[in-house]
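> First the structure, then my questions, so here it is.
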There are 2 protein chains.
Amino acid sequence: MDKKNTLKIIKIGGNVIDDPKALAAFLRVFSSLEGPKVLVHGGGKSATALAQKTGLEVKMVEGRRITDAATLELITMVYAGKINKTIIAQLQALQCNALGFTGADANTIRSEKRPVSTLDYGFVGDVKNVETSTLEVLLEHGISPVFCAITHDTNGQLLNTNADTIASELAIAFAAQFDVELYYCFEKKGVLKDVNDDDSVIQNITKSSYKKLLEAQLIFSGMLPKLNNCFHALDHQVSKVCIGKPEMLLDSKAIFTTLTMQ
Amino acid sequence: MDKKNTLKIIKIGGNVIDDPKALAAFLRVFSSLEGPKVLVHGGGKSATALAQKTGLEVKMVEGRRITDAATLELITMVYAGKINKTIIAQLQALQCNALGFTGADANTIRSEKRPVSTLDYGFVGDVKNVETSTLEVLLEHGISPVFCAITHDTNGQLLNTNADTIASELAIAFAAQFDVELYYCFEKKGVLKDVNDDDSVIQNITKSSYKKLLEAQLIFSGMLPKLNNCFHALDHQVSKVCIGKPEMLLDSKAIFTTLTMQ
């Protein structure tokens, strides 16, 4: 079998998006990466700020934000409008040809509204299908897709969707065609042994060492959803997953966490 | 020379966008059109409504809206976020594969900030260059690009741009590859002889008959910018330009205005 080309999928979160300098620095790194690449961005604080300005109440139940119709409209404006287009314009200025996406665009990510059990999350979607054919054509033409965290149900409904999940589902869908590397950039250097010690980075985690870390309760509970996304991707032919600061993408001496199957 | 394929470029304005039923009806028509097609949409009233909600002052000078930084951010949210993604999701539900664009996306439309003379319009862009290569690839794959009225200067600045102009500049750029038909949908049946009589539609206007209408002062001044856009397109190899209600796209008995060179 021919060796597949490497595709990098990189997810950035609110901490990068909320800080214009950090975002500009990250986009310089992203634009300098060779080969095909996809960017996925989260929301940041400007959705909350706009909600406050417009008098929209943020509904939290059991620590989860509830996406009612007004909230969905607001995050569509902030994520797909303000943040996504600011990123696209800045990447173009860096000679990185980019094209913004929600999952509705080119029908790339179909999701289903999360079923109501004890809690109705509102217009929140769980990813059901990723269609990469249009994205592959664009990558072949040197264009980097940039996804915000909104999908659709194919019946006309946009749905708020977790950005970490979008990144891992894209990675899995592309794994048939590419050797996929998935990078989660966040505010820490990686997965920490001691949540209060930024230098306690666990540099390598395999599926078996993860089990042991879990049993020894050495993983901070806030990291569990992200790590579950990572191993879900590794379970589905994604080559490797890295977690750390954006610097990990370029600096060969950077310390970060790499997750692999073995 | 081989006969070129026909490409339809259709522009809808605020009156369609502001009325959910009218928008849904228009999108059913658009999705049913055969062959390659591009949609361009204007803004509508929701930008003004959001401005009022957030306490943003609408700055008008000599009847023109001034786009300061806060206004640009707001229209980017409304045009590229709310309106564009609502349209994309609805088109997908109609099995019309669509992909949303600003001019920054895939570097499709480069503009320049309008020079300051007596009046500083702020972040308003005049179109300088349209790059259709990515759009042609997407059209070949059965995907309809959907443009909102935002462009960029390739240096990282998004710019508010007239939607009628975006439609005509896209039409001109595509004319090298396609036999382009440009449709301006608005609230009237077409160009009217008597602005108070909706049935006084001038069904055909050529360049020479337009001159005569202008000399006789029979064109309502509000129509002049639109008609100048139309003849600019016809002057640059666009085959025909039509102005009227969305019904003109499907109903063979519809009455509307067709502009041609001769």
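Every chain in the structure tokens takes a letter, A first, then B, and so on in the order presented; its residues are numbered from 1, and the ligands are numbered from 1 following the presented order.
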Please identify all residues of chain B having at least one atom at most 6 Å from any atom of chain A, considering only C-alpha atoms, and return them as a PDB file with N, CA and C atoms, in the first residue's frame.


ATOM      1  N   LYS B  53     -30.306  46.764  19.629  1.00  0.00           N
ATOM      2  CA  LYS B  53     -30.252  45.946  20.851  1.00  0.00           C
ATOM      3  C   LYS B  53     -28.951  46.169  21.623  1.00  0.00           C
ATOM      4  N   THR B  54     -27.846  46.294  20.881  1.00  0.00           N
ATOM      5  CA  THR B  54     -26.548  46.413  21.544  1.00  0.00           C
ATOM      6  C   THR B  54     -26.180  47.868  21.798  1.00  0.00           C
ATOM      7  N   THR B  76     -20.617  41.644  10.040  1.00  0.00           N
ATOM      8  CA  THR B  76     -19.947  40.358   9.788  1.00  0.00           C
ATOM      9  C   THR B  76     -20.694  39.242  10.511  1.00  0.00           C
ATOM     10  N   MET B  77     -21.141  39.546  11.738  1.00  0.00           N
ATOM     11  CA  MET B  77     -21.906  38.553  12.500  1.00  0.00           C
ATOM     12  C   MET B  77     -23.234  38.255  11.818  1.00  0.00           C
ATOM     13  N   VAL B  78     -23.917  39.313  11.399  1.00  0.00           N
ATOM     14  CA  VAL B  78     -25.272  39.133  10.852  1.00  0.00           C
ATOM     15  C   VAL B  78     -25.224  38.559   9.435  1.00  0.00           C
ATOM     16  N   ALA B  80     -22.461  37.211   7.522  1.00  0.00           N
ATOM     17  CA  ALA B  80     -21.691  35.975   7.301  1.00  0.00           C
ATOM     18  C   ALA B  80     -22.108  34.872   8.267  1.00  0.00           C
ATOM     19  N   GLY B  81     -22.633  35.274   9.441  1.00  0.00           N
ATOM     20  CA  GLY B  81     -23.059  34.289  10.434  1.00  0.00           C
ATOM     21  C   GLY B  81     -24.529  33.959  10.262  1.00  0.00           C
ATOM     22  N   LYS B  82     -25.374  34.791  10.848  1.00  0.00           N
ATOM     23  CA  LYS B  82     -26.807  34.495  10.914  1.00  0.00           C
ATOM     24  C   LYS B  82     -27.456  34.252   9.542  1.00  0.00           C
ATOM     25  N   ALA B  89     -28.159  26.186   5.592  1.00  0.00           N
ATOM     26  CA  ALA B  89     -28.865  25.059   6.217  1.00  0.00           C
ATOM     27  C   ALA B  89     -30.182  24.778   5.493  1.00  0.00           C
ATOM     28  N   GLN B  90     -30.882  25.846   5.100  1.00  0.00           N
ATOM     29  CA  GLN B  90     -32.165  25.645   4.402  1.00  0.00           C
ATOM     30  C   GLN B  90     -31.958  25.054   3.009  1.00  0.00           C
ATOM     31  N   GLN B  92     -29.499  23.073   2.134  1.00  0.00           N
ATOM     32  CA  GLN B  92     -29.164  21.655   2.323  1.00  0.00           C
ATOM     33  C   GLN B  92     -30.434  20.837   2.537  1.00  0.00           C
ATOM     34  N   ALA B  93     -31.384  21.399   3.288  1.00  0.00           N
ATOM     35  CA  ALA B  93     -32.644  20.682   3.527  1.00  0.00           C
ATOM     36  C   ALA B  93     -33.415  20.479   2.226  1.00  0.00           C
ATOM     37  N   ASN B  97     -26.795  21.462  -2.573  1.00  0.00           N
ATOM     38  CA  ASN B  97     -25.531  21.520  -1.846  1.00  0.00           C
ATOM     39  C   ASN B  97     -24.905  22.906  -2.006  1.00  0.00           C
ATOM     40  N   ALA B  98     -24.772  23.620  -0.895  1.00  0.00           N
ATOM     41  CA  ALA B  98     -24.346  25.015  -0.921  1.00  0.00           C
ATOM     42  C   ALA B  98     -23.200  25.235   0.062  1.00  0.00           C
ATOM     43  N   LEU B  99     -22.419  26.267  -0.205  1.00  0.00           N
ATOM     44  CA  LEU B  99     -21.251  26.568   0.632  1.00  0.00           C
ATOM     45  C   LEU B  99     -21.143  28.087   0.741  1.00  0.00           C
ATOM     46  N   ALA B 104     -13.322  36.984   1.515  1.00  0.00           N
ATOM     47  CA  ALA B 104     -12.062  36.514   2.112  1.00  0.00           C
ATOM     48  C   ALA B 104     -11.911  35.003   1.953  1.00  0.00           C
ATOM     49  N   ASP B 105     -13.015  34.297   1.932  1.00  0.00           N
ATOM     50  CA  ASP B 105     -12.964  32.831   1.837  1.00  0.00           C
ATOM     51  C   ASP B 105     -12.419  32.412   0.480  1.00  0.00           C
ATOM     52  N   ALA B 106     -11.384  31.573   0.531  1.00  0.00           N
ATOM     53  CA  ALA B 106     -10.677  31.135  -0.680  1.00  0.00           C
ATOM     54  C   ALA B 106     -10.181  32.332  -1.498  1.00  0.00           C
ATOM     55  N   THR B 154      -7.011  41.584   1.498  1.00  0.00           N
ATOM     56  CA  THR B 154      -5.874  40.630   1.504  1.00  0.00           C
ATOM     57  C   THR B 154      -4.808  40.996   2.543  1.00  0.00           C
ATOM     58  N   ASN B 155      -5.016  42.064   3.292  1.00  0.00           N
ATOM     59  CA  ASN B 155      -4.097  42.387   4.394  1.00  0.00           C
ATOM     60  C   ASN B 155      -4.728  42.147   5.758  1.00  0.00           C
ATOM     61  N   GLY B 156      -5.804  41.387   5.777  1.00  0.00           N
ATOM     62  CA  GLY B 156      -6.422  41.023   7.048  1.00  0.00           C
ATOM     63  C   GLY B 156      -7.661  41.823   7.388  1.00  0.00           C
TER      64      GLY B 156
END

> Name all residues at most 6 Å from range 31-44 of chain A (count only C-alpha atoms; drop same-chain ones fewer than 6 positions away) and give them as a PyMOL selection string.

chain A and resi 7-14+17-18+79+96+139+144-148+163

> What would the file look like if the residues just selected were written as a PDB file, in the first residue's frame with C-alpha atoms?


ATOM      1  CA  LEU A   7      -2.937  15.677   7.208  1.00  0.00           C
ATOM      2  CA  LYS A   8      -2.786  17.865  10.293  1.00  0.00           C
ATOM      3  CA  ILE A   9      -6.035  18.741  12.074  1.00  0.00           C
ATOM      4  CA  ILE A  10      -5.583  21.440  14.676  1.00  0.00           C
ATOM      5  CA  LYS A  11      -8.108  22.579  17.232  1.00  0.00           C
ATOM      6  CA  ILE A  12      -7.789  25.865  19.112  1.00  0.00           C
ATOM      7  CA  GLY A  13      -9.909  26.853  22.048  1.00  0.00           C
ATOM      8  CA  GLY A  14     -11.245  29.987  23.665  1.00  0.00           C
ATOM      9  CA  ILE A  17      -9.386  33.120  20.366  1.00  0.00           C
ATOM     10  CA  ASP A  18      -9.992  35.596  23.199  1.00  0.00           C
ATOM     11  CA  TYR A  79     -18.681  31.609  15.752  1.00  0.00           C
ATOM     12  CA  CYS A  96      -2.549  30.846   3.724  1.00  0.00           C
ATOM     13  CA  LEU A 139      -7.076  20.451   0.227  1.00  0.00           C
ATOM     14  CA  SER A 144      -7.305  24.947   4.317  1.00  0.00           C
ATOM     15  CA  PRO A 145     -10.837  24.444   5.643  1.00  0.00           C
ATOM     16  CA  VAL A 146     -11.516  26.331   8.896  1.00  0.00           C
ATOM     17  CA  PHE A 147     -14.401  24.913  10.939  1.00  0.00           C
ATOM     18  CA  CYS A 148     -16.424  26.593  13.631  1.00  0.00           C
ATOM     19  CA  ALA A 163     -15.431  21.740  18.930  1.00  0.00           C
TER      20      ALA A 163
END

> What would you get as a short mmCIF file (atom, residue, chain, number, x, y, z; two decimals) with C-alpha atoms, in the first residue's frame if chain B were moved onto chain A by least squares over all of its C-alpha atoms in order?


data_model
loop_
_atom_site.label_atom_id
_atom_site.label_comp_id
_atom_site.auth_asym_id
_atom_site.auth_seq_id
_atom_site.Cartn_x
_atom_site.Cartn_y
_atom_site.Cartn_z
CA MET B 1 -0.05 0.03 -0.10
CA ASP B 2 1.15 3.55 -0.87
CA LYS B 3 2.14 5.62 2.08
CA LYS B 4 -0.62 8.13 2.77
CA ASN B 5 0.01 11.86 2.88
CA THR B 6 -0.01 13.42 6.33
CA LEU B 7 -2.95 15.68 7.20
CA LYS B 8 -2.78 17.87 10.29
CA ILE B 9 -6.02 18.75 12.07
CA ILE B 10 -5.57 21.45 14.69
CA LYS B 11 -8.10 22.58 17.24
CA ILE B 12 -7.77 25.87 19.11
CA GLY B 13 -9.91 26.87 22.06
CA GLY B 14 -11.23 29.99 23.67
CA ASN B 15 -8.00 31.01 25.37
CA VAL B 16 -6.31 31.53 21.98
CA ILE B 17 -9.37 33.13 20.38
CA ASP B 18 -9.98 35.61 23.19
CA ASP B 19 -6.48 37.06 23.02
CA PRO B 20 -5.82 38.86 19.69
CA LYS B 21 -2.03 38.59 20.13
CA ALA B 22 -2.20 34.86 20.93
CA LEU B 23 -4.51 34.32 17.95
CA ALA B 24 -2.21 36.22 15.60
CA ALA B 25 0.78 34.23 16.87
CA PHE B 26 -1.08 30.94 16.45
CA LEU B 27 -2.20 31.83 12.91
CA ARG B 28 1.41 32.59 11.96
CA VAL B 29 2.32 29.09 13.16
CA PHE B 30 -0.66 27.49 11.38
CA SER B 31 0.09 29.27 8.10
CA SER B 32 3.72 28.13 8.20
CA LEU B 33 2.86 24.43 8.56
CA GLU B 34 3.61 22.47 5.40
CA GLY B 35 1.18 20.10 3.79
CA PRO B 36 -2.60 19.82 3.99
CA LYS B 37 -4.16 21.14 7.19
CA VAL B 38 -7.54 21.81 8.75
CA LEU B 39 -8.33 24.24 11.56
CA VAL B 40 -11.17 23.83 14.08
CA HIS B 41 -11.93 26.67 16.46
CA GLY B 42 -14.04 26.91 19.57
CA GLY B 43 -16.01 29.89 20.76
CA GLY B 44 -14.30 32.01 23.35
CA LYS B 45 -15.83 34.63 25.56
CA SER B 46 -17.26 36.98 22.93
CA ALA B 47 -20.50 34.98 22.70
CA THR B 48 -21.05 35.54 26.43
CA ALA B 49 -20.14 39.21 26.06
CA LEU B 50 -22.63 39.68 23.22
CA ALA B 51 -25.29 37.80 25.20
CA GLN B 52 -24.83 40.23 28.08
CA LYS B 53 -24.97 43.25 25.72
CA THR B 54 -28.22 42.07 24.15
CA GLY B 55 -29.74 41.08 27.49
CA LEU B 56 -29.83 37.38 26.59
CA GLU B 57 -29.84 35.18 29.66
CA VAL B 58 -27.23 32.42 29.68
CA LYS B 59 -29.05 29.27 30.76
CA MET B 60 -26.95 26.80 32.66
CA VAL B 61 -28.33 23.51 33.97
CA GLU B 62 -26.02 21.19 35.92
CA GLY B 63 -23.04 23.22 34.71
CA ARG B 64 -24.05 22.86 31.07
CA ARG B 65 -25.03 25.72 28.81
CA ILE B 66 -28.49 25.25 27.30
CA THR B 67 -28.75 26.32 23.67
CA ASP B 68 -32.19 27.81 23.13
CA ALA B 69 -33.14 29.39 19.77
CA ALA B 70 -31.86 32.85 20.74
CA THR B 71 -28.57 31.41 22.00
CA LEU B 72 -28.13 29.38 18.80
CA GLU B 73 -28.65 32.52 16.70
CA LEU B 74 -26.13 34.38 18.83
CA ILE B 75 -23.42 31.72 18.63
CA THR B 76 -24.01 31.35 14.89
CA MET B 77 -23.28 35.07 14.57
CA VAL B 78 -20.21 34.95 16.79
CA TYR B 79 -18.69 31.60 15.76
CA ALA B 80 -19.51 31.46 12.02
CA GLY B 81 -19.49 35.24 11.51
CA LYS B 82 -17.14 37.19 13.73
CA ILE B 83 -14.55 34.59 14.79
CA ASN B 84 -14.47 32.45 11.64
CA LYS B 85 -14.21 35.39 9.21
CA THR B 86 -11.62 37.20 11.33
CA ILE B 87 -9.49 34.04 11.19
CA ILE B 88 -10.02 33.63 7.42
CA ALA B 89 -9.04 37.25 6.68
CA GLN B 90 -5.93 36.96 8.86
CA LEU B 91 -4.88 33.68 7.25
CA GLN B 92 -5.24 35.23 3.79
CA ALA B 93 -2.96 38.07 4.91
CA LEU B 94 -0.42 35.36 5.81
CA GLN B 95 -0.75 33.86 2.30
CA CYS B 96 -2.54 30.84 3.72
CA ASN B 97 -5.55 30.21 1.49
CA ALA B 98 -8.42 29.32 3.83
CA LEU B 99 -12.16 28.77 3.54
CA GLY B 100 -14.60 28.90 6.46
CA PHE B 101 -17.08 26.12 7.25
CA THR B 102 -19.92 25.18 9.47
CA GLY B 103 -20.99 21.55 9.17
CA ALA B 104 -23.89 22.77 7.00
CA ASP B 105 -21.50 24.14 4.38
CA ALA B 106 -21.06 21.60 1.59
CA ASN B 107 -23.02 19.26 3.89
CA THR B 108 -19.78 18.31 5.62
CA ILE B 109 -20.97 17.44 9.14
CA ARG B 110 -24.40 16.01 9.86
CA SER B 111 -25.49 15.82 13.46
CA GLU B 112 -28.61 14.93 15.41
CA LYS B 113 -30.21 17.02 18.10
CA ARG B 114 -29.24 15.46 21.41
CA PRO B 115 -32.22 13.44 22.67
CA VAL B 116 -34.08 14.85 25.66
CA SER B 117 -33.69 12.57 28.68
CA THR B 118 -33.53 14.17 32.10
CA LEU B 119 -32.09 17.30 30.51
CA ASP B 120 -32.99 19.15 27.29
CA TYR B 121 -29.78 20.70 26.00
CA GLY B 122 -31.74 22.54 23.32
CA PHE B 123 -30.15 22.98 19.90
CA VAL B 124 -27.08 20.86 20.59
CA GLY B 125 -25.99 18.31 18.02
CA ASP B 126 -24.13 15.02 18.29
CA VAL B 127 -22.10 14.25 15.16
CA LYS B 128 -23.50 11.41 13.04
CA ASN B 129 -21.69 11.67 9.72
CA VAL B 130 -18.74 13.52 8.19
CA GLU B 131 -18.48 13.90 4.42
CA THR B 132 -14.92 14.73 3.35
CA SER B 133 -15.16 14.66 -0.48
CA THR B 134 -15.47 18.44 -0.94
CA LEU B 135 -12.85 19.05 1.74
CA GLU B 136 -10.42 16.71 -0.04
CA VAL B 137 -10.90 18.61 -3.32
CA LEU B 138 -10.15 21.88 -1.52
CA LEU B 139 -7.08 20.44 0.24
CA GLU B 140 -5.80 19.24 -3.16
CA HIS B 141 -6.10 22.85 -4.34
CA GLY B 142 -4.04 24.11 -1.39
CA ILE B 143 -7.00 25.46 0.56
CA SER B 144 -7.31 24.94 4.32
CA PRO B 145 -10.83 24.44 5.65
CA VAL B 146 -11.51 26.32 8.90
CA PHE B 147 -14.40 24.90 10.95
CA CYS B 148 -16.41 26.59 13.64
CA ALA B 149 -18.36 24.50 16.15
CA ILE B 150 -21.73 24.49 14.38
CA THR B 151 -23.25 21.57 12.46
CA HIS B 152 -26.67 20.83 10.94
CA ASP B 153 -29.27 18.07 10.91
CA THR B 154 -29.80 18.23 7.08
CA ASN B 155 -33.41 19.31 7.74
CA GLY B 156 -32.58 22.99 7.99
CA GLN B 157 -31.62 23.12 11.67
CA LEU B 158 -28.21 24.39 12.71
CA LEU B 159 -26.88 22.79 15.90
CA ASN B 160 -24.29 23.84 18.48
CA THR B 161 -21.61 21.13 18.61
CA ASN B 162 -18.57 20.54 20.76
CA ALA B 163 -15.43 21.75 18.94
CA ASP B 164 -13.21 18.97 20.38
CA THR B 165 -15.66 16.42 18.98
CA ILE B 166 -15.76 18.11 15.58
CA ALA B 167 -11.96 17.91 15.45
CA SER B 168 -11.87 14.20 16.38
CA GLU B 169 -14.73 13.27 14.02
CA LEU B 170 -13.04 15.12 11.14
CA ALA B 171 -9.79 13.31 11.98
CA ILE B 172 -11.54 9.92 11.92
CA ALA B 173 -13.31 10.66 8.62
CA PHE B 174 -10.05 11.75 6.95
CA ALA B 175 -8.13 8.70 8.25
CA ALA B 176 -9.28 6.63 5.26
CA GLN B 177 -7.40 8.96 2.89
CA PHE B 178 -4.66 10.48 5.04
CA ASP B 179 -2.22 9.72 7.78
CA VAL B 180 -3.97 12.02 10.26
CA GLU B 181 -2.33 13.86 13.14
CA LEU B 182 -4.73 15.57 15.54
CA TYR B 183 -3.52 18.48 17.69
CA TYR B 184 -5.52 19.93 20.57
CA CYS B 185 -4.05 23.32 21.48
CA PHE B 186 -5.02 24.68 24.88
CA GLU B 187 -3.65 26.83 27.71
CA LYS B 188 -1.56 24.09 29.41
CA LYS B 189 1.60 22.40 28.21
CA GLY B 190 -0.20 19.06 28.09
CA VAL B 191 -1.91 16.52 30.33
CA LEU B 192 -0.61 17.19 33.84
CA LYS B 193 0.11 14.71 36.62
CA ASP B 194 -0.51 17.48 39.11
CA VAL B 195 -3.11 20.01 37.95
CA ASN B 196 -1.39 22.69 40.06
CA ASP B 197 2.04 22.09 38.54
CA ASP B 198 2.29 23.26 34.93
CA ASP B 199 5.55 21.41 34.51
CA SER B 200 4.18 17.98 35.47
CA VAL B 201 3.41 17.13 31.81
CA ILE B 202 2.85 13.45 31.01
CA GLN B 203 4.70 13.32 27.69
CA ASN B 204 3.41 9.99 26.43
CA ILE B 205 0.14 8.24 27.08
CA THR B 206 -0.79 4.93 25.47
CA LYS B 207 -4.11 3.18 25.77
CA SER B 208 -2.77 0.88 28.47
CA SER B 209 -0.97 3.63 30.41
CA TYR B 210 -4.18 5.70 30.23
CA LYS B 211 -6.07 2.86 31.91
CA LYS B 212 -3.53 2.84 34.72
CA LEU B 213 -3.66 6.63 35.11
CA LEU B 214 -7.45 6.43 35.34
CA GLU B 215 -7.31 3.63 37.90
CA ALA B 216 -4.83 5.63 39.98
CA GLN B 217 -7.17 8.66 39.58
CA LEU B 218 -4.25 10.67 38.24
CA ILE B 219 -6.26 12.37 35.47
CA PHE B 220 -7.96 15.67 36.35
CA SER B 221 -11.67 15.17 35.72
CA GLY B 222 -11.87 18.25 33.50
CA MET B 223 -9.54 16.51 31.04
CA LEU B 224 -11.63 13.35 30.71
CA PRO B 225 -13.95 14.45 27.85
CA LYS B 226 -10.95 15.68 25.82
CA LEU B 227 -9.00 12.47 26.45
CA ASN B 228 -11.99 10.33 25.56
CA ASN B 229 -12.18 12.22 22.26
CA CYS B 230 -8.47 11.53 21.73
CA PHE B 231 -8.70 7.78 22.28
CA HIS B 232 -11.88 7.60 20.24
CA ALA B 233 -9.83 9.05 17.36
CA LEU B 234 -6.92 6.66 17.97
CA ASP B 235 -9.39 3.76 18.04
CA HIS B 236 -10.44 4.80 14.52
CA GLN B 237 -7.15 4.89 12.62
CA VAL B 238 -5.99 8.39 13.55
CA SER B 239 -2.18 8.05 13.82
CA LYS B 240 -1.45 10.26 16.77
CA VAL B 241 -3.02 12.88 18.96
CA CYS B 242 -1.13 15.67 20.69
CA ILE B 243 -2.28 17.99 23.48
CA GLY B 244 -0.43 21.14 24.46
CA LYS B 245 0.29 24.78 23.77
CA PRO B 246 0.33 25.92 20.11
CA GLU B 247 4.14 26.02 20.34
CA MET B 248 4.16 22.21 20.07
CA LEU B 249 3.40 22.56 16.35
CA LEU B 250 6.74 24.14 15.49
CA ASP B 251 9.20 24.06 18.37
CA SER B 252 11.08 20.76 18.36
CA LYS B 253 12.04 21.30 22.01
CA ALA B 254 8.50 21.95 23.19
CA ILE B 255 7.13 19.64 25.88
CA PHE B 256 3.60 18.36 25.32
CA THR B 257 1.52 15.19 25.57
CA THR B 258 1.43 12.68 22.73
CA LEU B 259 -1.22 9.97 22.76
CA THR B 260 -0.75 6.82 20.74
CA MET B 261 -2.35 3.39 20.73
CA GLN B 262 0.84 1.60 21.85
#

> To test your reading of the structure, identify every residue in range 69-108 of chain B that backbone DSSP assigns to helix (DSSP H, G or I), and report it as a short mmCIF file (atom, residue, chain, number, x, y, z; two decimals) with N, CA and C atoms, in the first residue's frame.


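File selection.cif, as written:
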data_model
loop_
_atom_site.label_atom_id
_atom_site.label_comp_id
_atom_site.auth_asym_id
_atom_site.auth_seq_id
_atom_site.Cartn_x
_atom_site.Cartn_y
_atom_site.Cartn_z
N ALA B 69 -15.61 50.39 12.96
CA ALA B 69 -15.15 49.04 13.33
C ALA B 69 -16.26 48.23 14.00
N ALA B 70 -17.03 48.88 14.88
CA ALA B 70 -18.09 48.17 15.59
C ALA B 70 -19.20 47.74 14.63
N THR B 71 -19.50 48.60 13.67
CA THR B 71 -20.53 48.27 12.67
C THR B 71 -20.06 47.13 11.77
N LEU B 72 -18.78 47.15 11.39
CA LEU B 72 -18.24 46.07 10.56
C LEU B 72 -18.34 44.73 11.29
N GLU B 73 -17.99 44.74 12.59
CA GLU B 73 -18.08 43.50 13.37
C GLU B 73 -19.53 43.01 13.41
N LEU B 74 -20.45 43.94 13.61
CA LEU B 74 -21.86 43.59 13.68
C LEU B 74 -22.37 43.01 12.36
N ILE B 75 -22.03 43.65 11.24
CA ILE B 75 -22.56 43.12 9.97
C ILE B 75 -21.85 41.82 9.59
N THR B 76 -20.62 41.64 10.04
CA THR B 76 -19.95 40.36 9.79
C THR B 76 -20.69 39.24 10.51
N MET B 77 -21.14 39.55 11.74
CA MET B 77 -21.91 38.55 12.50
C MET B 77 -23.23 38.26 11.82
N VAL B 78 -23.92 39.31 11.40
CA VAL B 78 -25.27 39.13 10.85
C VAL B 78 -25.22 38.56 9.43
N TYR B 79 -24.38 39.14 8.56
CA TYR B 79 -24.37 38.71 7.16
C TYR B 79 -23.71 37.34 7.00
N ALA B 80 -22.46 37.21 7.52
CA ALA B 80 -21.69 35.97 7.30
C ALA B 80 -22.11 34.87 8.27
N GLY B 81 -22.63 35.27 9.44
CA GLY B 81 -23.06 34.29 10.43
C GLY B 81 -24.53 33.96 10.26
N LYS B 82 -25.37 34.79 10.85
CA LYS B 82 -26.81 34.49 10.91
C LYS B 82 -27.46 34.25 9.54
N ILE B 83 -27.38 35.23 8.65
CA ILE B 83 -28.12 35.12 7.39
C ILE B 83 -27.51 34.04 6.50
N ASN B 84 -26.19 34.10 6.30
CA ASN B 84 -25.55 33.15 5.38
C ASN B 84 -25.77 31.71 5.84
N LYS B 85 -25.60 31.42 7.12
CA LYS B 85 -25.70 30.03 7.58
C LYS B 85 -27.15 29.55 7.65
N THR B 86 -28.08 30.46 7.89
CA THR B 86 -29.50 30.09 7.81
C THR B 86 -29.84 29.67 6.38
N ILE B 87 -29.34 30.43 5.42
CA ILE B 87 -29.59 30.09 4.00
C ILE B 87 -28.94 28.76 3.65
N ILE B 88 -27.70 28.55 4.08
CA ILE B 88 -26.99 27.30 3.76
C ILE B 88 -27.76 26.10 4.32
N ALA B 89 -28.16 26.19 5.59
CA ALA B 89 -28.87 25.06 6.22
C ALA B 89 -30.18 24.78 5.49
N GLN B 90 -30.88 25.85 5.10
CA GLN B 90 -32.16 25.65 4.40
C GLN B 90 -31.96 25.05 3.01
N LEU B 91 -30.91 25.50 2.32
CA LEU B 91 -30.63 24.92 1.00
C LEU B 91 -30.28 23.44 1.12
N GLN B 92 -29.50 23.07 2.13
CA GLN B 92 -29.16 21.66 2.32
C GLN B 92 -30.43 20.84 2.54
N ALA B 93 -31.38 21.40 3.29
CA ALA B 93 -32.64 20.68 3.53
C ALA B 93 -33.42 20.48 2.23
N ASP B 105 -13.02 34.30 1.93
CA ASP B 105 -12.96 32.83 1.84
C ASP B 105 -12.42 32.41 0.48
N ALA B 106 -11.38 31.57 0.53
CA ALA B 106 -10.68 31.14 -0.68
C ALA B 106 -10.18 32.33 -1.50
N ASN B 107 -10.05 33.46 -0.83
CA ASN B 107 -9.49 34.68 -1.46
C ASN B 107 -10.25 35.04 -2.74
#

> Going by DSSP on the backbone, which residues of range 193-253 of chain B come out as strand (DSSP E or B)? List them as a list in words.

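In range 193-253 of chain B, DSSP puts these residues in strand (DSSP E or B): Val201, Asn204, Ile205, Thr206, Lys240, Val241, Cys242, Ile243 and Gly244 of chain B.
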